[in-house]
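A.B. asks: I am sharing query06.txt, which consists of compact mmCIF, C-alpha atoms:
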```
# COMPACT_ATOMS: atom_id res chain seq x y z
CA MET A 1 1.37 7.75 -19.75
CA ALA A 2 1.19 8.84 -23.39
CA SER A 3 -1.23 6.05 -24.32
CA GLU A 4 -3.37 6.79 -21.29
CA SER A 5 -3.41 10.52 -22.05
CA ARG A 6 -5.13 9.87 -25.37
CA LYS A 7 -8.13 8.60 -23.39
CA GLN A 8 -8.36 11.80 -21.40
CA LEU A 9 -10.18 15.03 -22.01
CA ALA A 10 -7.82 17.83 -23.11
CA MET A 11 -8.37 21.51 -22.37
CA LEU A 12 -6.56 24.71 -23.37
CA ILE A 13 -7.25 27.70 -21.13
CA ASP A 14 -6.70 31.29 -22.23
CA GLU A 15 -7.85 34.48 -20.57
CA HIS A 16 -10.93 34.91 -22.77
CA ARG A 17 -11.77 31.40 -23.95
CA VAL A 18 -11.38 27.70 -23.24
CA THR A 19 -10.90 25.05 -25.93
CA VAL A 20 -11.73 21.45 -25.11
CA THR A 21 -11.92 18.10 -26.94
CA ALA A 22 -13.06 14.66 -25.89
CA PRO A 23 -11.05 11.49 -26.66
CA GLY A 24 -11.61 10.36 -30.23
CA ASP A 25 -13.24 13.67 -31.17
CA SER A 26 -11.11 15.70 -33.56
CA THR A 27 -13.43 18.70 -33.47
CA PRO A 28 -12.55 21.05 -30.60
CA VAL A 29 -15.24 22.93 -28.73
CA SER A 30 -14.47 26.61 -28.14
CA ILE A 31 -16.06 28.14 -25.03
CA GLY A 32 -16.16 31.90 -24.96
CA LEU A 33 -15.90 33.37 -21.45
CA PRO A 34 -18.14 36.24 -20.31
CA GLY A 35 -15.03 38.02 -19.03
CA ARG A 36 -11.44 37.26 -18.15
CA TRP A 37 -10.74 33.83 -16.68
CA SER A 38 -9.38 35.37 -13.49
CA ASP A 39 -12.59 37.41 -13.02
CA THR A 40 -15.10 34.59 -13.68
CA LYS A 41 -16.51 32.61 -10.76
CA PRO A 42 -15.60 28.88 -10.66
CA GLU A 43 -19.26 27.80 -10.63
CA VAL A 44 -19.88 29.84 -13.81
CA LEU A 45 -16.85 28.23 -15.46
CA GLY A 46 -18.02 24.79 -14.37
CA GLY A 47 -21.47 25.44 -15.81
CA LEU A 48 -19.95 26.43 -19.15
CA PHE A 49 -17.88 23.23 -19.17
CA LYS A 50 -20.96 21.12 -18.45
CA GLU A 51 -22.92 22.75 -21.23
CA ALA A 52 -20.11 22.36 -23.75
CA LEU A 53 -19.31 18.73 -22.89
CA GLY A 54 -22.89 17.54 -22.60
CA ALA A 55 -23.59 13.97 -21.50
CA SER A 56 -20.10 12.72 -22.45
CA ARG A 57 -18.49 14.47 -19.48
CA LEU A 58 -19.66 11.75 -17.07
CA ALA A 59 -17.68 9.11 -18.95
CA LEU A 60 -14.46 11.12 -18.95
CA GLY A 61 -13.59 12.24 -15.43
CA ARG A 62 -9.91 13.08 -16.11
CA VAL A 63 -8.51 16.04 -18.00
CA VAL A 64 -5.08 17.30 -19.11
CA VAL A 65 -4.96 21.11 -18.97
CA GLY A 66 -2.82 23.70 -20.76
CA VAL A 67 -2.64 27.17 -19.17
CA PRO A 68 -1.17 30.56 -20.20
CA VAL A 69 2.39 31.63 -19.42
CA SER A 70 0.95 34.41 -17.23
CA TRP A 71 0.08 31.78 -14.63
CA VAL A 72 3.75 31.12 -13.79
CA LEU A 73 6.95 32.94 -12.93
CA THR A 74 10.01 31.13 -14.23
CA GLN A 75 13.66 31.15 -13.26
CA TYR A 76 16.70 29.51 -14.80
CA LEU A 77 19.19 27.86 -12.48
CA SER A 78 22.49 26.16 -13.31
CA VAL A 79 23.44 23.45 -10.79
CA PRO A 80 27.00 22.02 -10.86
CA SER A 81 25.73 18.51 -10.22
CA THR A 82 23.58 15.88 -11.91
CA ASP A 83 22.58 14.23 -8.64
CA PRO A 84 18.77 14.49 -8.24
CA THR A 85 19.09 15.11 -4.50
CA ALA A 86 21.53 18.00 -5.00
CA THR A 87 19.34 19.49 -7.74
CA ALA A 88 16.21 19.32 -5.58
CA GLY A 89 18.08 20.91 -2.67
CA ALA A 90 19.32 23.78 -4.87
CA VAL A 91 15.77 24.39 -6.13
CA ARG A 92 14.36 24.50 -2.60
CA ILE A 93 17.05 26.97 -1.51
CA ARG A 94 16.32 29.24 -4.50
CA VAL A 95 12.54 29.13 -3.96
CA ASN A 96 12.85 29.78 -0.22
CA ARG A 97 15.27 32.64 -0.84
CA ASP A 98 13.33 34.38 -3.58
CA TYR A 99 9.77 33.74 -2.45
CA ALA A 100 10.21 33.24 1.31
CA THR A 101 8.12 30.05 1.26
CA ASP A 102 7.54 26.94 -0.79
CA THR A 103 4.65 25.48 1.17
CA GLY A 104 2.36 28.46 1.81
CA ASP A 105 0.53 30.42 -0.87
CA LEU A 106 3.00 29.39 -3.60
CA ILE A 107 3.76 26.06 -5.22
CA ALA A 108 6.70 25.26 -7.48
CA ASP A 109 7.73 22.67 -10.02
CA TYR A 110 10.99 22.30 -11.93
CA THR A 111 12.57 20.41 -14.81
CA ALA A 112 16.26 19.48 -15.03
CA GLY A 113 18.40 18.73 -18.06
CA ARG A 114 22.08 17.82 -18.15
CA ASN A 115 24.86 19.97 -19.54
CA GLU A 116 28.63 19.57 -19.67
CA SER A 117 29.17 20.85 -16.12
CA GLY A 118 25.97 19.84 -14.33
CA SER A 119 22.25 20.49 -14.74
CA ASP A 120 20.11 23.18 -16.38
CA VAL A 121 17.04 23.75 -14.21
CA LEU A 122 13.84 25.61 -15.09
CA ILE A 123 11.76 26.55 -12.04
CA GLY A 124 8.10 27.48 -12.40
CA VAL A 125 6.21 29.10 -9.53
CA THR A 126 2.48 29.78 -9.31
CA THR A 127 -0.11 30.55 -6.64
CA ARG A 128 -2.34 28.02 -4.99
CA ALA A 129 -5.27 30.35 -5.63
CA LYS A 130 -4.97 29.90 -9.42
CA LEU A 131 -4.97 26.12 -9.14
CA ALA A 132 -7.77 26.23 -6.57
CA ARG A 133 -9.94 28.21 -9.02
CA LEU A 134 -9.17 25.70 -11.79
CA THR A 135 -9.83 22.70 -9.54
CA ALA A 136 -13.13 24.15 -8.31
CA ALA A 137 -14.32 24.90 -11.86
CA LEU A 138 -13.49 21.35 -12.99
CA GLU A 139 -15.24 19.84 -9.96
CA TYR A 140 -18.43 21.71 -10.89
CA ALA A 141 -18.23 19.94 -14.25
CA GLY A 142 -17.48 16.53 -12.71
CA LEU A 143 -13.85 16.57 -13.86
CA LYS A 144 -10.46 16.19 -12.21
CA ALA A 145 -7.15 17.55 -13.52
CA GLU A 146 -4.46 14.91 -14.07
CA ALA A 147 -1.79 17.42 -15.14
CA VAL A 148 -1.53 21.19 -15.66
CA TYR A 149 1.08 22.27 -18.22
CA VAL A 150 2.08 25.64 -19.68
CA THR A 151 0.70 25.48 -23.23
CA THR A 152 3.55 27.38 -24.91
CA GLN A 153 6.16 25.02 -23.45
CA VAL A 154 4.36 22.09 -25.08
CA PHE A 155 5.42 23.45 -28.51
CA THR A 156 9.16 23.25 -27.64
CA GLY A 157 9.56 19.49 -27.97
CA GLY A 158 11.82 17.77 -30.48
CA ASP A 159 14.16 20.70 -31.23
CA PRO A 160 17.75 20.23 -29.97
CA SER A 161 18.94 23.66 -31.16
CA ASP A 162 18.51 27.19 -29.82
CA ALA A 163 15.14 28.68 -30.62
CA MET A 164 12.40 31.03 -29.52
CA VAL A 165 8.96 29.45 -29.75
CA VAL A 166 6.28 32.15 -29.95
CA ARG A 167 2.62 31.25 -29.50
CA VAL A 168 0.24 33.80 -30.96
CA GLN A 169 -3.26 33.48 -29.49
CA PRO A 170 -4.91 36.92 -29.43
CA PRO A 171 -5.05 38.78 -27.17
CA LEU A 172 -1.97 36.88 -25.93
CA ALA A 173 1.51 36.46 -27.36
CA GLU A 174 3.81 34.16 -25.36
CA LEU A 175 7.40 33.02 -25.74
CA ALA A 176 9.39 29.96 -24.70
CA LEU A 177 13.18 30.31 -24.90
CA VAL A 178 15.03 27.08 -25.77
CA ARG A 179 18.76 26.52 -25.27
CA ASN A 180 20.28 23.22 -26.45
CA GLY A 181 16.83 21.68 -26.56
CA GLN A 182 16.02 22.68 -22.96
CA THR A 183 13.40 25.30 -22.06
CA VAL A 184 15.15 27.96 -19.97
CA SER A 185 12.48 30.68 -19.84
CA LEU A 186 8.76 31.29 -20.36
CA ARG A 187 7.51 34.84 -20.89
CA SER A 188 4.31 36.70 -21.70
CA LEU A 189 5.01 39.19 -24.52
CA CYS A 190 1.65 40.89 -24.95
CA GLU A 191 -1.95 40.68 -23.74
CA THR A 192 -3.56 43.18 -26.15
CA LEU A 193 -3.18 41.58 -29.59
CA GLU A 194 -6.10 41.74 -31.99
CA ASP A 195 -7.22 39.22 -34.58
CA ASN A 196 -6.11 39.85 -38.19
CA ASP A 197 -3.17 41.97 -37.03
CA PRO A 198 0.07 40.24 -38.11
CA ALA A 199 1.98 43.53 -37.95
CA GLY A 200 0.97 44.01 -34.30
CA ALA A 201 2.06 40.49 -33.48
CA ALA A 202 5.41 41.08 -35.20
CA ARG A 203 5.94 44.36 -33.33
CA SER A 204 5.29 42.66 -29.97
CA ILE A 205 7.77 39.92 -30.80
CA THR A 206 10.55 42.17 -32.14
CA SER A 207 10.19 44.77 -29.37
CA SER A 208 10.35 42.06 -26.71
CA ILE A 209 13.46 40.56 -28.29
CA ALA A 210 15.15 43.95 -28.72
CA SER A 211 14.49 45.02 -25.12
CA ASP A 212 15.82 41.81 -23.60
CA PRO A 213 19.64 41.38 -23.72
CA GLU A 214 19.38 37.63 -23.37
CA LEU A 215 17.02 37.30 -26.33
CA SER A 216 18.78 39.82 -28.57
CA SER A 217 22.25 38.35 -27.98
CA ARG A 218 21.26 34.83 -29.03
CA PRO A 219 18.08 35.07 -31.07
CA GLY A 220 18.40 31.69 -32.76
CA ARG A 221 15.37 30.63 -34.74
CA VAL A 222 11.92 32.06 -34.12
CA VAL A 223 9.26 29.34 -34.37
CA LEU A 224 5.72 30.68 -34.64
CA ALA A 225 2.74 28.73 -33.32
CA VAL A 226 -0.24 30.65 -34.65
CA ASP A 227 -3.84 29.54 -34.22
CA ALA A 228 -5.43 29.46 -37.68
CA SER A 229 -8.80 30.58 -36.26
CA THR A 230 -7.35 34.01 -35.40
CA GLY A 231 -7.03 35.00 -39.05
CA ILE A 232 -3.33 35.83 -38.61
CA ASP A 233 -1.12 34.46 -41.38
CA PRO A 234 2.30 33.39 -40.01
CA ARG A 235 3.92 34.38 -43.31
CA ALA A 236 2.62 37.93 -42.85
CA VAL A 237 4.12 37.99 -39.35
CA VAL A 238 7.44 36.74 -40.75
CA THR A 239 7.69 39.68 -43.14
CA HIS A 240 7.59 42.10 -40.19
CA LEU A 241 10.24 40.36 -38.04
CA ASN A 242 13.10 42.55 -39.30
CA GLY A 243 15.28 39.88 -40.81
CA LEU A 244 15.32 37.40 -37.93
CA SER A 245 15.85 33.78 -38.91
CA GLN A 246 12.46 32.23 -38.51
CA CYS A 247 10.16 29.39 -39.45
CA GLY A 248 6.42 30.02 -39.64
CA ALA A 249 3.85 27.40 -38.66
CA THR A 250 0.07 27.48 -38.59
CA ILE A 251 -1.31 25.33 -35.76
CA ASN A 252 -5.04 24.99 -35.20
CA ASP A 253 -6.66 24.10 -31.88
CA ALA A 254 -7.09 20.42 -32.70
CA GLU A 255 -3.36 20.04 -33.49
CA ALA A 256 -2.41 21.94 -30.34
CA ILE A 257 -4.58 19.70 -28.17
CA ASP A 258 -3.25 16.56 -29.87
CA LEU A 259 0.30 17.74 -29.12
CA LEU A 260 -0.72 18.38 -25.51
CA ARG A 261 -1.98 14.80 -25.24
CA LYS A 262 1.15 13.35 -26.85
CA ARG A 263 3.50 15.13 -24.43
CA ALA A 264 1.45 14.40 -21.29
CA GLY A 265 3.74 12.85 -18.70
CA ASP A 266 6.92 14.31 -20.25
CA ASP A 267 9.47 15.09 -17.51
CA ASP A 268 10.74 18.03 -19.59
CA LEU A 269 7.47 19.88 -18.99
CA LEU A 270 6.53 21.88 -15.92
CA ASP A 271 3.50 20.29 -14.25
CA LEU A 272 1.86 22.61 -11.75
CA LEU A 273 0.20 19.65 -10.02
CA ARG A 274 3.39 17.62 -9.63
CA CYS A 275 5.22 20.16 -7.44
CA ARG A 276 8.60 18.41 -7.60
CA ALA A 277 10.23 21.33 -5.78
CA THR A 278 8.48 20.30 -2.54
CA ARG A 279 8.34 16.54 -3.08
CA PRO A 280 10.93 14.34 -1.31
CA VAL A 281 13.59 13.10 -3.73
CA VAL A 282 15.00 9.60 -3.46
CA ALA A 283 18.67 9.49 -4.37
CA ALA A 284 19.79 7.04 -7.04
CA TRP A 285 21.54 3.90 -5.74
CA THR A 286 25.08 3.18 -6.90
CA PRO A 287 26.10 -0.45 -7.74
CA VAL A 288 28.10 -0.66 -4.49
CA GLN A 289 25.10 0.56 -2.49
CA LYS A 290 22.82 -1.91 -4.28
CA THR A 291 25.23 -4.79 -3.48
CA GLY A 292 25.46 -3.68 0.14
CA LEU A 293 21.70 -3.43 0.35
CA ALA A 294 21.33 -6.95 -1.08
CA PHE A 295 23.76 -8.38 1.52
CA ALA A 296 21.96 -6.47 4.26
CA VAL A 297 18.60 -7.86 3.16
CA VAL A 298 19.99 -11.42 3.06
CA ALA A 299 21.54 -10.96 6.52
CA VAL A 300 18.29 -9.60 7.94
CA LEU A 301 16.28 -12.45 6.41
CA THR A 302 18.77 -14.99 7.81
CA LEU A 303 18.58 -13.46 11.26
CA LEU A 304 14.81 -13.42 11.08
CA GLY A 305 14.78 -17.10 10.05
CA VAL A 306 17.17 -18.16 12.83
CA GLY A 307 15.35 -16.00 15.33
CA GLY A 308 12.00 -17.43 14.27
CA LEU A 309 13.30 -21.02 14.61
CA TRP A 310 14.78 -20.29 18.04
CA TRP A 311 11.55 -18.63 19.17
CA SER A 312 9.50 -21.60 17.92
CA ARG A 313 11.64 -24.11 19.80
CA ALA A 314 11.71 -21.98 22.94
CA HIS A 315 7.92 -21.67 22.78
CA LYS A 316 7.52 -25.45 22.44
CA LEU A 317 9.94 -26.06 25.34
CA SER A 318 8.04 -23.62 27.52
CA SER A 319 4.75 -25.37 26.66
CA LEU A 320 6.20 -28.78 27.53
CA ARG A 321 7.51 -27.50 30.85
CA GLN A 322 4.13 -26.04 31.70
CA THR A 323 2.43 -29.34 30.82
CA GLU A 324 4.94 -31.17 33.02
CA MET A 325 4.13 -28.93 35.97
CA GLN A 326 0.41 -29.53 35.48
CA MET A 327 0.82 -33.34 35.30
CA ARG A 328 3.27 -33.66 38.19
CA PRO A 329 0.58 -34.44 40.90
CA GLU A 330 -0.92 -37.23 38.75
CA ALA A 331 2.53 -38.66 38.09
CA GLU A 332 3.33 -38.70 41.80
CA ALA A 333 0.00 -40.46 42.57
CA LEU A 334 0.73 -43.10 39.92
CA GLY A 335 4.16 -43.60 41.44
CA ARG A 336 2.65 -44.34 44.84
CA VAL A 337 0.21 -46.88 43.33
CA LYS A 338 3.07 -48.60 41.52
CA GLN A 339 5.07 -48.73 44.74
CA ARG A 340 2.19 -50.50 46.56
CA LEU A 341 1.76 -52.96 43.70
CA ASP A 342 5.45 -53.71 43.71
CA SER A 343 5.42 -54.38 47.50
CA SER A 344 2.47 -56.80 47.24
CA ALA A 345 3.76 -58.67 44.22
CA PRO A 346 5.62 -61.42 46.23
CA TRP A 347 2.43 -62.38 48.08
CA PHE A 348 0.48 -62.79 44.86
CA ASP A 349 3.31 -64.83 43.33
CA LYS A 350 3.25 -67.44 46.24
CA ARG A 351 -0.49 -67.85 46.46
CA VAL A 352 -1.76 -71.40 45.72
CA ASP A 353 -4.13 -71.93 42.78
CA THR A 354 -7.06 -73.31 44.78
CA LEU A 355 -9.25 -74.27 41.84
CA SER A 356 -6.49 -76.28 40.20
CA CYS A 357 -5.81 -78.16 43.42
CA MET A 358 -9.49 -79.00 43.88
CA ALA A 359 -9.72 -80.24 40.29
CA VAL A 360 -6.77 -82.57 40.82
CA LEU A 361 -8.12 -83.79 44.18
CA THR A 362 -11.55 -84.45 42.72
CA GLY A 363 -10.01 -86.66 40.10
CA CYS A 364 -8.26 -88.70 42.79
CA VAL A 365 -11.39 -89.48 44.87
CA PRO A 366 -13.45 -92.46 43.68
CA LYS A 367 -17.13 -91.84 42.92
CA ARG A 368 -18.64 -93.82 45.77
CA GLY A 369 -21.71 -92.97 47.76
CA ASP A 370 -20.08 -93.62 51.14
CA LEU A 371 -17.01 -91.42 50.60
CA TRP A 372 -16.94 -87.64 50.57
CA LEU A 373 -14.90 -84.61 51.68
CA ALA A 374 -16.22 -82.38 54.41
CA GLU A 375 -13.34 -79.83 54.46
CA PHE A 376 -10.30 -78.95 52.38
CA ARG A 377 -7.70 -76.45 53.65
CA LEU A 378 -4.61 -75.00 51.96
CA GLY A 379 -1.89 -73.06 53.78
CA THR A 380 0.38 -70.31 52.50
CA ASP A 381 3.25 -72.80 52.70
CA GLN A 382 1.45 -74.90 50.09
CA THR A 383 0.49 -77.64 52.60
CA GLY A 384 -3.08 -78.80 53.00
CA SER A 385 -5.44 -80.85 55.18
CA LEU A 386 -8.52 -82.91 54.39
CA GLN A 387 -11.54 -83.86 56.49
CA GLY A 388 -14.25 -86.17 55.31
CA ARG A 389 -15.81 -89.57 55.59
```
Since I need it in another form, could you write the structure as structure tokens?

C.D. replies:
Amino acid sequence: MASESRKQLAMLIDEHRVTVTAPGDSTPVSIGLPGRWSDTKPEVLGGLFKEALGASRLALGRVVVGVPVSWVLTQYLSVPSTDPTATAGAVRIRVNRDYATDTGDLIADYTAGRNESGSDVLIGVTTRAKLARLTAALEYAGLKAEAVYVTTQVFTGGDPSDAMVVRVQPPLAELALVRNGQTVSLRSLCETLEDNDPAGAARSITSSIASDPELSSRPGRVVLAVDASTGIDPRAVVTHLNGLSQCGATINDAEAIDLLRKRAGDDDLLDLLRCRATRPVVAAWTPVQKTGLAFAVVAVLTLLGVGGLWWSRAHKLSSLRQTEMQMRPEAEALGRVKQRLDSSAPWFDKRVDTLSCMAVLTGCVPKRGDLWLAEFRLGTDQTGSLQGR
């Protein structure tokens, strides 16, 4: 999937702009929206995509999309089992309990990671209306979404420790909470940030951490993902974080999109198109079950082979019996002819060979002009009589 994703169009969606790059093009195209994404009509969005992509859009077709945290509501669930079937069942129960439906206006996806006692599950829920708007806008541009990820979660990969990954993209500030390398929460911190305001970004981050017991009790490291085009220096933000252990990072749009492509298909990411919470889960087969299945398959194939052979022979026997019934009148007629031939055979066996007798007799009569035969008779008892002169 990763190699295929590099051939796809990549798109980052924020409330006030969309950033997009084509495969092989390292220069992202930034599309400013006339208003908020949620207030812009899909056909207007599609027209903006067409204009930005130009003629290359027809050769692309597929797109991997990153969306804001505000699109999803997340929940953390600890399941005392690593069985995929049990995990999926627990997710369905939680979604049905908290949202009353998992097949109506809401859709849900989840990721599961193992811990010492079972599985850590992150559930993400969004509305069908949001995805419908996105799908319609892409269709106007001749595109189709292959995956829809939460952009901030994409920055959490490769870190096995506890951390808070903060993405600063004015006017948004978003947070992904990581525990033991697993994303356990996604939150929107602020939607009113301004460019060139590192102090405002730091205040949003520190106030959100201080007001949340879960964040303040285990702050871990704070990893900043700041778009360089905003004019906010991560080091300036760090100086206002009130002594938290942190690591600043400046990430431009091209790097963010490249990271989105690299992680496409990662099972640790929520994919709002995959909807694993409502998809049937096939339980893993144990070695004993696999062996039993193999024996069952062999037995079924054997029965099918024996049954097929028996059916073939029965079919041939039935055909022969039908042919016999059809030929029975002719066979009876031939039997009657043979019976008549057999009854007349003795008469033909005792009949005298007249021509042979005449040949012998002719040889015995001298060739004289005053001697001839007038009549020659043979009886069935092989006796004869002659008349002549």

A.B. asks: Given all atoms listed in the file as the basis, pick out the residue of A:Leu273, A:Val166, A:Leu304, A:Val237 nearest to A:Arg128.

C.D. replies: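 That would be A:Leu273, the residue with the smallest distance to A:Arg128.
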
A.B. asks: Env of stretch 104-118 of chain A: 9 Å cut, atoms = only C-alpha atoms, seq-sep filter 4 positions within chain, self excluded. Answer as a compact mmCIF listing (two decimals) with C-alpha atoms, in the frame of the given file.

C.D. replies:
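Saved to around.txt:
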```txt
# COMPACT_ATOMS: atom_id res chain seq x y z
CA SER A 78 22.49 26.16 -13.31
CA VAL A 79 23.44 23.45 -10.79
CA PRO A 80 27.00 22.02 -10.86
CA SER A 81 25.73 18.51 -10.22
CA THR A 82 23.58 15.88 -11.91
CA ASP A 83 22.58 14.23 -8.64
CA PRO A 84 18.77 14.49 -8.24
CA THR A 87 19.34 19.49 -7.74
CA ALA A 88 16.21 19.32 -5.58
CA VAL A 91 15.77 24.39 -6.13
CA VAL A 95 12.54 29.13 -3.96
CA TYR A 99 9.77 33.74 -2.45
CA LEU A 122 13.84 25.61 -15.09
CA ILE A 123 11.76 26.55 -12.04
CA GLY A 124 8.10 27.48 -12.40
CA VAL A 125 6.21 29.10 -9.53
CA THR A 126 2.48 29.78 -9.31
CA THR A 127 -0.11 30.55 -6.64
CA ARG A 128 -2.34 28.02 -4.99
CA ALA A 129 -5.27 30.35 -5.63
CA ASN A 180 20.28 23.22 -26.45
CA GLN A 182 16.02 22.68 -22.96
CA THR A 183 13.40 25.30 -22.06
CA ASP A 267 9.47 15.09 -17.51
CA ASP A 268 10.74 18.03 -19.59
CA LEU A 269 7.47 19.88 -18.99
CA LEU A 270 6.53 21.88 -15.92
CA ASP A 271 3.50 20.29 -14.25
CA LEU A 272 1.86 22.61 -11.75
CA LEU A 273 0.20 19.65 -10.02
CA ARG A 274 3.39 17.62 -9.63
CA CYS A 275 5.22 20.16 -7.44
CA ARG A 276 8.60 18.41 -7.60
CA ALA A 277 10.23 21.33 -5.78
CA THR A 278 8.48 20.30 -2.54
```

A.B. asks: What does the structure give for the distance between atom CA of A:Gly66 and atom CA of A:Met11, in Å to one decimal?

C.D. replies: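 That distance, rounded to one decimal, is 6.2 Å.
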
A.B. asks: Where's the centre, and what are the edge lengths in Å to one decimal, of a box along x, y and z enclosing all listed atoms of stretch 116-127 of chain A padded 6 Å per side, as JSON?

C.D. replies:
```
{"center_x": 14.5, "center_y": 25.1, "center_z": -13.2, "size_x": 41.3, "size_y": 23.0, "size_z": 25.0}
```

A.B. asks: Neighbourhood query: residues within 7 Å of (0.6, 27.0, -20.9), file coordinates, counting only C-alpha atoms; return as number ranges by chain.

C.D. replies: A: 66-69, 149-153

A.B. asks: When you get a chance, write out all heavy atoms for stretch 264-270 of chain A, as a compact mmCIF listing (two decimals), in the coordinates of the input.

C.D. replies:
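Output below, filename rebuild.txt:
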```
# COMPACT_ATOMS: atom_id res chain seq x y z
N ALA A 264 1.88 14.58 -22.69
CA ALA A 264 1.45 14.40 -21.29
C ALA A 264 2.34 13.37 -20.61
O ALA A 264 2.60 12.29 -21.13
CB ALA A 264 -0.01 13.96 -21.23
N GLY A 265 2.84 13.72 -19.44
CA GLY A 265 3.74 12.85 -18.70
C GLY A 265 5.21 13.07 -18.99
O GLY A 265 6.07 12.40 -18.42
N ASP A 266 5.54 14.01 -19.88
CA ASP A 266 6.92 14.31 -20.25
C ASP A 266 7.61 15.03 -19.08
O ASP A 266 7.14 16.06 -18.61
CB ASP A 266 6.94 15.19 -21.50
CG ASP A 266 8.33 15.30 -22.12
OD1 ASP A 266 9.30 15.08 -21.39
OD2 ASP A 266 8.42 15.64 -23.31
N ASP A 267 8.74 14.48 -18.63
CA ASP A 267 9.47 15.09 -17.51
C ASP A 267 10.11 16.41 -17.88
O ASP A 267 10.58 17.14 -16.99
CB ASP A 267 10.54 14.13 -17.00
CG ASP A 267 9.94 12.97 -16.21
OD1 ASP A 267 8.82 13.14 -15.69
OD2 ASP A 267 10.59 11.92 -16.13
N ASP A 268 10.17 16.75 -19.18
CA ASP A 268 10.74 18.03 -19.59
C ASP A 268 9.74 19.17 -19.48
O ASP A 268 10.08 20.32 -19.76
CB ASP A 268 11.25 17.93 -21.03
CG ASP A 268 12.46 17.03 -21.15
OD1 ASP A 268 13.19 16.88 -20.15
OD2 ASP A 268 12.68 16.46 -22.23
N LEU A 269 8.50 18.86 -19.10
CA LEU A 269 7.47 19.88 -18.99
C LEU A 269 7.20 20.21 -17.52
O LEU A 269 7.19 19.32 -16.67
CB LEU A 269 6.16 19.41 -19.63
CG LEU A 269 6.17 19.14 -21.14
CD1 LEU A 269 4.80 18.65 -21.59
CD2 LEU A 269 6.57 20.38 -21.91
N LEU A 270 6.99 21.49 -17.25
CA LEU A 270 6.53 21.88 -15.92
C LEU A 270 5.10 21.39 -15.73
O LEU A 270 4.25 21.56 -16.60
CB LEU A 270 6.56 23.40 -15.76
CG LEU A 270 7.93 24.09 -15.78
CD1 LEU A 270 7.75 25.60 -15.79
CD2 LEU A 270 8.76 23.67 -14.57
```
